[in-house]
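Engineer: input_9.tsv is reproduced in full below (TSV, C-alpha atoms).
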```tsv
chain	number	residue	atom	x	y	z
K	1	MET	CA	0.65	-13.78	-15.15
K	2	SER	CA	1.45	-16.33	-12.45
K	3	TYR	CA	-0.85	-19.08	-11.19
K	4	TYR	CA	-1.40	-17.10	-7.98
K	5	ASP	CA	-2.26	-13.91	-9.86
K	6	ALA	CA	-4.75	-15.86	-11.97
K	7	THR	CA	-6.40	-17.53	-8.96
K	8	ALA	CA	-6.15	-14.55	-6.59
K	9	LYS	CA	-9.89	-13.92	-6.26
K	10	GLY	CA	-10.49	-17.33	-4.69
K	11	TYR	CA	-7.24	-17.62	-2.74
K	12	ASN	CA	-8.63	-16.88	0.73
K	13	GLU	CA	-11.57	-19.20	0.14
K	14	LEU	CA	-9.19	-22.01	-0.83
K	15	HIS	CA	-6.31	-21.42	1.58
K	16	GLY	CA	-7.31	-18.69	4.03
K	17	GLU	CA	-8.40	-20.78	7.03
K	18	GLU	CA	-5.45	-23.15	6.62
K	19	GLN	CA	-3.01	-20.21	6.63
K	20	LEU	CA	-4.72	-18.55	9.58
K	21	LYS	CA	-4.56	-21.78	11.59
K	22	LYS	CA	-0.78	-22.03	11.04
K	23	ALA	CA	-0.30	-18.34	11.86
K	24	ARG	CA	-2.27	-18.74	15.11
K	25	THR	CA	-0.18	-21.78	16.08
K	26	ILE	CA	3.03	-19.85	15.46
K	27	LEU	CA	1.80	-16.74	17.23
K	28	ALA	CA	0.69	-18.73	20.29
K	29	TYR	CA	4.14	-20.34	20.53
K	30	LEU	CA	5.94	-17.00	20.13
K	31	LYS	CA	3.77	-15.35	22.80
K	32	GLU	CA	4.10	-18.27	25.21
K	33	HIS	CA	7.89	-18.09	24.95
K	34	HIS	CA	8.06	-14.26	24.94
K	35	LEU	CA	9.62	-14.20	21.48
K	36	ILE	CA	7.39	-11.51	19.96
K	37	ASP	CA	6.04	-8.08	20.87
K	38	GLU	CA	4.42	-5.07	19.23
K	39	HIS	CA	7.77	-3.31	18.68
K	40	MET	CA	9.22	-5.94	16.35
K	41	ARG	CA	9.68	-5.71	12.61
K	42	ILE	CA	8.09	-8.68	10.86
K	43	LEU	CA	8.58	-9.79	7.24
K	44	ASP	CA	6.20	-12.33	5.70
K	45	VAL	CA	7.78	-13.87	2.58
K	46	GLY	CA	5.17	-15.27	0.21
K	47	ALA	CA	2.50	-13.41	2.16
K	48	GLY	CA	-0.21	-13.76	-0.45
K	49	THR	CA	-3.28	-11.77	0.56
K	50	THR	CA	-1.66	-10.76	3.89
K	51	HIS	CA	-4.60	-12.44	5.65
K	52	ALA	CA	-2.26	-14.33	8.02
K	53	THR	CA	0.30	-11.50	8.24
K	54	ALA	CA	-2.36	-9.29	9.83
K	55	LEU	CA	-2.50	-11.53	12.92
K	56	PHE	CA	1.04	-10.67	13.98
K	57	PRO	CA	1.88	-7.61	16.10
K	58	GLY	CA	4.49	-5.06	15.20
K	59	ASP	CA	5.67	-3.29	12.08
K	60	LYS	CA	4.67	-5.71	9.29
K	61	THR	CA	5.92	-6.05	5.74
K	62	ALA	CA	4.41	-8.52	3.28
K	63	LEU	CA	6.33	-9.66	0.20
K	64	ASP	CA	4.84	-11.72	-2.63
K	65	PRO	CA	5.51	-12.22	-6.35
K	66	ALA	CA	1.75	-12.13	-7.11
K	67	LYS	CA	0.55	-8.52	-7.30
K	68	GLU	CA	-3.09	-9.61	-7.43
K	69	LEU	CA	-2.77	-11.39	-4.07
K	70	LEU	CA	-1.10	-8.40	-2.42
K	71	LYS	CA	-3.89	-6.10	-3.66
K	72	GLN	CA	-6.43	-8.06	-1.61
K	73	GLY	CA	-4.88	-7.19	1.74
K	74	LYS	CA	-7.29	-5.20	3.90
K	75	ASP	CA	-4.94	-4.20	6.74
K	76	VAL	CA	-3.57	-0.81	5.65
K	77	SER	CA	-0.82	-0.93	8.30
K	78	ILE	CA	0.95	-3.74	6.40
K	79	LYS	CA	3.57	-2.55	3.92
K	80	ARG	CA	3.24	-4.53	0.67
K	81	VAL	CA	6.24	-5.29	-1.51
K	82	HIS	CA	6.06	-7.01	-4.88
K	83	GLY	CA	9.13	-9.25	-5.05
K	84	ILE	CA	10.65	-12.68	-4.74
K	85	ALA	CA	12.26	-14.53	-1.85
K	86	GLU	CA	15.48	-15.09	-3.77
K	87	ASP	CA	16.19	-11.34	-4.00
K	88	LEU	CA	14.84	-9.59	-0.90
K	89	PRO	CA	15.14	-5.79	-1.22
K	90	PHE	CA	16.01	-5.22	2.44
K	91	ALA	CA	19.13	-4.57	4.50
K	92	ASP	CA	20.90	-7.32	6.41
K	93	LYS	CA	19.30	-8.17	9.77
K	94	TRP	CA	16.55	-5.58	9.22
K	95	PHE	CA	13.63	-7.70	10.49
K	96	ASP	CA	13.37	-9.23	13.94
K	97	ILE	CA	11.29	-12.10	12.56
K	98	VAL	CA	11.07	-13.40	9.01
K	99	LEU	CA	8.32	-15.89	8.33
K	100	SER	CA	7.14	-17.82	5.32
K	101	LEU	CA	3.93	-19.84	5.47
K	102	THR	CA	3.61	-22.71	2.98
K	103	ALA	CA	5.58	-20.89	0.30
K	104	VAL	CA	9.16	-22.20	0.28
K	105	HIS	CA	8.32	-25.15	-1.98
K	106	ASN	CA	7.17	-22.58	-4.60
K	107	PHE	CA	10.46	-20.66	-4.64
K	108	LYS	CA	12.39	-20.97	-7.92
K	109	ASP	CA	15.54	-21.55	-5.85
K	110	TYR	CA	14.64	-22.53	-2.30
K	111	LYS	CA	18.29	-22.49	-1.16
K	112	LYS	CA	18.73	-18.89	-2.26
K	113	GLY	CA	15.33	-17.93	-0.80
K	114	ILE	CA	16.18	-19.43	2.58
K	115	ALA	CA	19.62	-17.77	2.49
K	116	GLU	CA	17.96	-14.41	1.80
K	117	MET	CA	15.51	-14.87	4.68
K	118	ARG	CA	18.44	-15.67	6.98
K	119	ARG	CA	20.29	-12.60	5.73
K	120	VAL	CA	17.50	-10.15	6.59
K	121	ALA	CA	16.51	-11.83	9.91
K	122	LEU	CA	17.87	-10.68	13.23
K	123	LYS	CA	16.22	-13.07	15.71
K	124	LEU	CA	14.04	-15.74	14.08
K	125	VAL	CA	13.25	-17.36	10.76
K	126	ILE	CA	9.96	-19.25	10.72
K	127	ILE	CA	9.20	-21.51	7.77
K	128	THR	CA	6.26	-23.83	7.33
K	129	LEU	CA	7.02	-26.63	4.92
K	130	LEU	CA	4.30	-28.51	3.06
K	131	LYS	CA	4.56	-32.15	4.12
K	132	LYS	CA	3.43	-33.46	0.73
K	133	SER	CA	6.00	-31.43	-1.23
K	134	PRO	CA	8.15	-33.68	-3.42
K	135	GLN	CA	11.12	-31.56	-2.26
K	136	TYR	CA	10.30	-31.92	1.45
K	137	LYS	CA	13.49	-33.76	2.49
K	138	ASP	CA	15.81	-31.47	0.51
K	139	ILE	CA	14.16	-28.28	1.79
K	140	GLU	CA	14.09	-29.63	5.35
K	141	LYS	CA	17.84	-30.28	5.14
K	142	GLU	CA	18.42	-26.67	4.06
K	143	ILE	CA	16.21	-25.28	6.83
K	144	LYS	CA	18.01	-27.38	9.43
K	145	LYS	CA	21.28	-25.59	8.66
K	146	MET	CA	19.96	-22.97	11.08
K	147	LYS	CA	19.86	-23.44	14.84
K	148	SER	CA	16.53	-24.92	15.88
K	149	VAL	CA	14.34	-23.14	18.41
K	150	ALA	CA	11.30	-25.37	17.90
K	151	MET	CA	9.60	-27.68	15.46
K	152	LEU	CA	5.80	-27.67	15.59
K	153	ASP	CA	3.49	-30.10	13.87
K	154	ASP	CA	0.54	-29.07	11.76
K	155	ALA	CA	-1.76	-31.37	9.79
K	156	ILE	CA	-0.47	-29.99	6.48
K	157	ASP	CA	2.95	-28.48	7.25
K	158	THR	CA	5.92	-28.85	9.54
K	159	ILE	CA	6.59	-25.54	11.28
K	160	PHE	CA	10.27	-24.72	11.78
K	161	ILE	CA	11.19	-21.91	14.19
K	162	MET	CA	14.89	-21.25	13.79
K	163	GLN	CA	17.62	-18.77	14.63
K	164	PRO	CA	19.24	-17.33	11.51
```
Spit out the file's structure as structure tokens when you get a sec.
Structural biologist:
Amino acid sequence: MSYYDATAKGYNELHGEEQLKKARTILAYLKEHHLIDEHMRILDVGAGTTHATALFPGDKTALDPAKELLKQGKDVSIKRVHGIAEDLPFADKWFDIVLSLTAVHNFKDYKKGIAEMRRVALKLVIITLLKKSPQYKDIEKEIKKMKSVAMLDDAIDTIFIMQP
């Protein structure tokens, strides 16, 4: 059992508001720049309880390696997939937007995870990167291999909005 499976019951209490704040920031930017609508396919990699995923419009899929977190999702319209970022079970360019909120530093192989997100993304890859991660500089370098659309600042994360 993973750390996140073991701590699933208290996840939203510990991280829920923080994740919602980041999701709202991203959503506001996407709406302001007409980069999102209700017809898009969205993938949230490392979606946890799908609390933040639920804010986004469109056809939503949530992927997480912690089954106990995925079970907590209340929005029945969100498809839940148990899996890892490094091996996404989706076709190339299947999702209009692929996002990952404060999860990339937990990937076993962040380079492979980012490559997989790029592979399945058609329009945008959105990654929030924990500023206090010991791997911040290395992960940032990998993210910046994509074409930047915007970089937003959050108290806890840097938000990268990129083209795959």
Engineer: List every protein, DNA or RNA residue with an atom no more than 12 Å from (19.0, -7.8, -2.5) in the file's coordinates, counting only C-alpha atoms, and format the result as a list in words.
Structural biologist: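 In the file's frame, the residues around the point are Gly83, Ile84, Ala85, Glu86, Asp87, Leu88, Pro89, Phe90, Ala91, Asp92, Lys112, Gly113, Ala115, Glu116, Met117, Arg119 and Val120 of chain K.
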Engineer: Which residues, written as a count of residues only, have at least one atom at most 6 Å from K:Ala121, with all atoms listed in the file counted and residues fewer than 5 positions away on the same chain left out?
Structural biologist: 5
Engineer: Atom CA of K:Leu27 and atom CA of K:Leu69 are how many Å apart?
Structural biologist: 22.4 Å
Engineer: So, counting only C-alpha atoms, which residue among K:Tyr29, K:Phe56, K:Tyr110, K:Tyr136 is closest to K:Ala150?
Structural biologist: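 The answer is K:Tyr29, which sits nearest to K:Ala150.
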Engineer: Show me, as JSON, numbers by chain, the residues that have an atom within 12 Å of K:Lys145 when counting all atoms listed in the file, minus same-chain residues fewer than 3 positions from it.
Structural biologist: {"K": [111, 114, 115, 118, 125, 138, 139, 140, 141, 142, 148, 160, 162, 163, 164]}
Engineer: Edge lengths and centre in Å to one decimal, as AutoDock Vina command-line options, is what I'm after for the box along x, y and z that holds all listed atoms of stretch 26-45 of chain K once 5 Å is added on each side.
Structural biologist:
```
--center_x 5.2 --center_y -11.8 --center_z 13.9 --size_x 19.0 --size_y 27.0 --size_z 32.6
```
Engineer: Nearest to K:Ala47: which of K:Ser77, K:Thr25, K:Gln72, K:Ser100 is it, counting only C-alpha atoms?
Structural biologist: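 That would be K:Ser100, the residue with the smallest distance to K:Ala47.
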Engineer: Tell me, in Å to one decimal, how far atom CA of K:Asp109 is from atom CA of K:Lys137.
Structural biologist: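 Pair atom CA of K:Asp109 / atom CA of K:Lys137 returns 14.9 Å.
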Engineer: If you count all atoms listed in the file, which residues fall within 10 Å of K:Lys71, apart from same-chain ones fewer than 4 positions away, as a list in words?
Structural biologist: Ala8, Gly48, Thr49, Thr50, Ala66, Lys67 and Arg80 of chain K
Engineer: Selection from above, C-alpha atoms, as an mmCIF file, keeping the file's coordinate frame, can you write it?
Structural biologist:
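This went into selection_13.cif:
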```
data_model
loop_
_atom_site.group_PDB
_atom_site.id
_atom_site.type_symbol
_atom_site.label_atom_id
_atom_site.label_comp_id
_atom_site.auth_asym_id
_atom_site.auth_seq_id
_atom_site.Cartn_x
_atom_site.Cartn_y
_atom_site.Cartn_z
ATOM 1 C CA ALA K 8 -6.150 -14.550 -6.590
ATOM 2 C CA GLY K 48 -0.210 -13.760 -0.450
ATOM 3 C CA THR K 49 -3.280 -11.770 0.560
ATOM 4 C CA THR K 50 -1.660 -10.760 3.890
ATOM 5 C CA ALA K 66 1.750 -12.130 -7.110
ATOM 6 C CA LYS K 67 0.550 -8.520 -7.300
ATOM 7 C CA ARG K 80 3.240 -4.530 0.670
#
```
Engineer: Write out as a list in words each polymer residue whose atoms come within 10 Å of K:Arg41, counting all atoms listed in the file; drop sequence neighbours fewer than 2 positions from it.
Structural biologist: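 What passes the distance filter is Ile36, Asp37, Glu38, His39, Leu43, Pro57, Gly58, Asp59, Lys60, Thr61, Trp94, Phe95, Asp96, Ile97, Val98, Ala121 and Leu122 of chain K.
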Engineer: Output the selection as a PDB file, in the frame of the given file - C-alpha atoms for each residue.
Structural biologist:
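Just written: result_12.pdb:
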```pdb
ATOM      1  CA  ILE K  36       7.390 -11.510  19.960  1.00  0.00           C
ATOM      2  CA  ASP K  37       6.040  -8.080  20.870  1.00  0.00           C
ATOM      3  CA  GLU K  38       4.420  -5.070  19.230  1.00  0.00           C
ATOM      4  CA  HIS K  39       7.770  -3.310  18.680  1.00  0.00           C
ATOM      5  CA  LEU K  43       8.580  -9.790   7.240  1.00  0.00           C
ATOM      6  CA  PRO K  57       1.880  -7.610  16.100  1.00  0.00           C
ATOM      7  CA  GLY K  58       4.490  -5.060  15.200  1.00  0.00           C
ATOM      8  CA  ASP K  59       5.670  -3.290  12.080  1.00  0.00           C
ATOM      9  CA  LYS K  60       4.670  -5.710   9.290  1.00  0.00           C
ATOM     10  CA  THR K  61       5.920  -6.050   5.740  1.00  0.00           C
ATOM     11  CA  TRP K  94      16.550  -5.580   9.220  1.00  0.00           C
ATOM     12  CA  PHE K  95      13.630  -7.700  10.490  1.00  0.00           C
ATOM     13  CA  ASP K  96      13.370  -9.230  13.940  1.00  0.00           C
ATOM     14  CA  ILE K  97      11.290 -12.100  12.560  1.00  0.00           C
ATOM     15  CA  VAL K  98      11.070 -13.400   9.010  1.00  0.00           C
ATOM     16  CA  ALA K 121      16.510 -11.830   9.910  1.00  0.00           C
ATOM     17  CA  LEU K 122      17.870 -10.680  13.230  1.00  0.00           C
TER      18      LEU K 122
END
```
Engineer: Hey, what's within 10 Å of K:Glu17 if we count all atoms listed in the file and toss same-chain stuff fewer than 5 positions away? As a PyMOL selection string, please?
Structural biologist: chain K and resi 12+22-23+51-52
Engineer: Quick one: stretch 28-54 of chain K with N, CA and C atoms, as a tab-separated table (two decimals), in the coordinates of the input?
Structural biologist:
```tsv
chain	number	residue	atom	x	y	z
K	28	ALA	N	0.87	-18.22	18.92
K	28	ALA	CA	0.69	-18.73	20.29
K	28	ALA	C	2.03	-19.19	20.86
K	29	TYR	N	2.82	-19.88	20.06
K	29	TYR	CA	4.14	-20.34	20.53
K	29	TYR	C	5.03	-19.14	20.84
K	30	LEU	N	5.07	-18.17	19.94
K	30	LEU	CA	5.94	-17.00	20.13
K	30	LEU	C	5.54	-16.22	21.38
K	31	LYS	N	4.23	-16.06	21.60
K	31	LYS	CA	3.77	-15.35	22.80
K	31	LYS	C	4.08	-16.13	24.06
K	32	GLU	N	3.84	-17.43	24.04
K	32	GLU	CA	4.10	-18.27	25.21
K	32	GLU	C	5.56	-18.22	25.63
K	33	HIS	N	6.46	-18.10	24.67
K	33	HIS	CA	7.89	-18.09	24.95
K	33	HIS	C	8.49	-16.68	24.90
K	34	HIS	N	7.64	-15.67	24.91
K	34	HIS	CA	8.06	-14.26	24.94
K	34	HIS	C	9.06	-13.93	23.83
K	35	LEU	N	8.74	-14.40	22.63
K	35	LEU	CA	9.62	-14.20	21.48
K	35	LEU	C	9.09	-13.15	20.50
K	36	ILE	N	7.98	-12.51	20.86
K	36	ILE	CA	7.39	-11.51	19.96
K	36	ILE	C	6.73	-10.41	20.78
K	37	ASP	N	6.77	-9.19	20.25
K	37	ASP	CA	6.04	-8.08	20.87
K	37	ASP	C	5.68	-7.06	19.80
K	38	GLU	N	4.94	-6.05	20.19
K	38	GLU	CA	4.42	-5.07	19.23
K	38	GLU	C	5.48	-4.11	18.68
K	39	HIS	N	6.71	-4.20	19.16
K	39	HIS	CA	7.77	-3.31	18.68
K	39	HIS	C	8.65	-3.96	17.61
K	40	MET	N	8.38	-5.21	17.29
K	40	MET	CA	9.22	-5.94	16.35
K	40	MET	C	8.86	-5.64	14.90
K	41	ARG	N	9.88	-5.79	14.06
K	41	ARG	CA	9.68	-5.71	12.61
K	41	ARG	C	9.53	-7.14	12.08
K	42	ILE	N	8.43	-7.36	11.36
K	42	ILE	CA	8.09	-8.68	10.86
K	42	ILE	C	8.06	-8.64	9.33
K	43	LEU	N	8.67	-9.63	8.69
K	43	LEU	CA	8.58	-9.79	7.24
K	43	LEU	C	7.91	-11.13	6.96
K	44	ASP	N	6.88	-11.11	6.14
K	44	ASP	CA	6.20	-12.33	5.70
K	44	ASP	C	6.54	-12.53	4.22
K	45	VAL	N	7.32	-13.56	3.93
K	45	VAL	CA	7.78	-13.87	2.58
K	45	VAL	C	6.80	-14.86	1.94
K	46	GLY	N	6.22	-14.46	0.83
K	46	GLY	CA	5.17	-15.27	0.21
K	46	GLY	C	3.86	-15.04	0.93
K	47	ALA	N	3.61	-13.79	1.29
K	47	ALA	CA	2.50	-13.41	2.16
K	47	ALA	C	1.13	-13.52	1.52
K	48	GLY	N	1.09	-13.64	0.21
K	48	GLY	CA	-0.21	-13.76	-0.45
K	48	GLY	C	-1.10	-12.56	-0.20
K	49	THR	N	-2.29	-12.82	0.32
K	49	THR	CA	-3.28	-11.77	0.56
K	49	THR	C	-3.05	-11.01	1.87
K	50	THR	N	-2.03	-11.34	2.59
K	50	THR	CA	-1.66	-10.76	3.89
K	50	THR	C	-2.67	-11.09	4.98
K	51	HIS	N	-3.57	-12.00	4.70
K	51	HIS	CA	-4.60	-12.44	5.65
K	51	HIS	C	-3.95	-12.93	6.96
K	52	ALA	N	-2.94	-13.80	6.84
K	52	ALA	CA	-2.26	-14.33	8.02
K	52	ALA	C	-1.29	-13.31	8.61
K	53	THR	N	-0.65	-12.52	7.77
K	53	THR	CA	0.30	-11.50	8.24
K	53	THR	C	-0.37	-10.56	9.24
K	54	ALA	N	-1.63	-10.24	8.99
K	54	ALA	CA	-2.36	-9.29	9.83
K	54	ALA	C	-2.49	-9.74	11.28
```
